[in-house]
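Input: a single structure, listed below in structure tokens.
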Amino acid sequence: MELVNFNMQDENMLMTLLPLYQTYEAEISEEEPNEFYPADSFDELFKHFKGYFGGKTTYICVVDGEYKGFVTFHLDCEETPGYVDGYKGWGHLSEIYIDKHSRGIGLGKIMVKKAEDELKKLDVKGIHLMNLLLENGAFWKSLGYTDTGKIEPNEGGQIYEKYI
């Protein structure tokens with residue numbers, strides 16, 4: 001397993017990560033990938049994909065040459081805000097995804113640790129994230145994150161934070 005820094009200028013990398021991202025978006029919206037972004041809306045999907053990942057750092061989890069997941073994070077600031085107010089200057093863990101066939105073997109923990117290590121280099125006070133899936137709460141707590149009791153107003157996810 002290796003973590004590869006996502007290079008948005010690399011067309012092959014873009015086109016390889018895109019289907020994994022599409023599966024992720026469909027999973028959190030509880031739709032089928034072809035329902036979330038139908039084939040005839042590829043240009044819309046691609047534009048959203050490039051816009052979303054711009055200004056953020058993403059590491060791709062590669063196992064035996066295949067993309068199995070990704071973690072995306074950034075400094076919560078005016079240019080790239082997080083999902084909720086009150087965290088400017090904090091690290092924001094904006095996305096983490098592991099292919100459903102590769103879960104439960106520690107890849108998520110490795111990716112979160114990488115994001116935390118990179119955010120620590122920016123001298124952040126802490127890291128925050130939005131948890132959309134209730135079943136993931138135990139995962140975040142096992143990594144030292146605390147459920148703040150706050151709910152993100154647009155998507156309804158739970159806000160977790162961790163001081164570092």
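Please note that chains go A, B, ... in the order of the structure tokens, that every chain numbers its residues from 1, and that ligands are numbered from 1 in the order shown.
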**Q.** Test item, helix (DSSP H, G or I) assignment across stretch 12-162 of chain A, answer as a ChimeraX atom specification
**A.** /A:12-29,33-36,39-53,100-102,107-120,134-142
Can you pull out every residue within 7 Å of A:Leu3, counting only C-alpha atoms, but drop anything in the same chain fewer than 6 positions away, and send it as a PDB file with all heavy atoms, in the first residue's frame?
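Saved file around11.pdb follows:
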```
ATOM      1  N   TYR A  59      -4.473  12.674  -1.098  1.00  0.00           N
ATOM      2  CA  TYR A  59      -3.621  11.503  -1.242  1.00  0.00           C
ATOM      3  C   TYR A  59      -4.502  10.335  -1.654  1.00  0.00           C
ATOM      4  O   TYR A  59      -5.583  10.137  -1.108  1.00  0.00           O
ATOM      5  CB  TYR A  59      -2.881  11.171   0.064  1.00  0.00           C
ATOM      6  CG  TYR A  59      -1.701  12.069   0.295  1.00  0.00           C
ATOM      7  CD1 TYR A  59      -1.836  13.262   0.985  1.00  0.00           C
ATOM      8  CD2 TYR A  59      -0.448  11.736  -0.223  1.00  0.00           C
ATOM      9  CE1 TYR A  59      -0.753  14.107   1.173  1.00  0.00           C
ATOM     10  CE2 TYR A  59       0.635  12.579  -0.038  1.00  0.00           C
ATOM     11  CZ  TYR A  59       0.471  13.751   0.667  1.00  0.00           C
ATOM     12  OH  TYR A  59       1.551  14.596   0.839  1.00  0.00           O
ATOM     13  N   ILE A  60      -4.011   9.586  -2.629  1.00  0.00           N
ATOM     14  CA  ILE A  60      -4.725   8.422  -3.133  1.00  0.00           C
ATOM     15  C   ILE A  60      -4.080   7.184  -2.539  1.00  0.00           C
ATOM     16  O   ILE A  60      -2.856   7.034  -2.550  1.00  0.00           O
ATOM     17  CB  ILE A  60      -4.661   8.366  -4.674  1.00  0.00           C
ATOM     18  CG1 ILE A  60      -5.257   9.647  -5.260  1.00  0.00           C
ATOM     19  CG2 ILE A  60      -5.382   7.125  -5.199  1.00  0.00           C
ATOM     20  CD1 ILE A  60      -4.960   9.842  -6.728  1.00  0.00           C
ATOM     21  N   CYS A  61      -4.915   6.302  -2.026  1.00  0.00           N
ATOM     22  CA  CYS A  61      -4.457   5.029  -1.478  1.00  0.00           C
ATOM     23  C   CYS A  61      -4.380   4.024  -2.634  1.00  0.00           C
ATOM     24  O   CYS A  61      -5.403   3.708  -3.256  1.00  0.00           O
ATOM     25  CB  CYS A  61      -5.447   4.551  -0.414  1.00  0.00           C
ATOM     26  SG  CYS A  61      -5.011   2.973   0.309  1.00  0.00           S
ATOM     27  N   VAL A  62      -3.168   3.551  -2.911  1.00  0.00           N
ATOM     28  CA  VAL A  62      -2.945   2.618  -4.010  1.00  0.00           C
ATOM     29  C   VAL A  62      -2.500   1.279  -3.423  1.00  0.00           C
ATOM     30  O   VAL A  62      -1.532   1.220  -2.659  1.00  0.00           O
ATOM     31  CB  VAL A  62      -1.883   3.161  -4.996  1.00  0.00           C
ATOM     32  CG1 VAL A  62      -1.691   2.200  -6.165  1.00  0.00           C
ATOM     33  CG2 VAL A  62      -2.258   4.556  -5.484  1.00  0.00           C
TER      34      VAL A  62
END
```
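Checking A:Leu119, A:Glu155, A:Asn136, A:Met8 one by one against A:Gly104, counting only C-alpha atoms, you find the shortest gap at A:Asn136.
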**Q.** Atomic distance atom CA of A:Leu45 - atom CA of A:Gly137, expressed in Å with one decimal
**A.** 29.0 Å
Q: Excluding A:Gly157 and any residue of its chain fewer than 6 positions from it, enumerate the residues within 6 Å of it, using only C-alpha atoms, and give them as a PyMOL selection string.
A: chain A and resi 130-132+151
Emit the selected residues as an mmCIF file, in the first residue's frame, including C-alpha atoms.
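File written: result_17.cif
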```cif
data_model
loop_
_atom_site.group_PDB
_atom_site.id
_atom_site.type_symbol
_atom_site.label_atom_id
_atom_site.label_comp_id
_atom_site.auth_asym_id
_atom_site.auth_seq_id
_atom_site.Cartn_x
_atom_site.Cartn_y
_atom_site.Cartn_z
ATOM 1 C CA MET A 130 -18.249 16.368 8.954
ATOM 2 C CA ASN A 131 -19.443 12.803 9.439
ATOM 3 C CA LEU A 132 -22.427 12.013 7.220
ATOM 4 C CA ILE A 151 -24.814 19.522 12.911
#
```
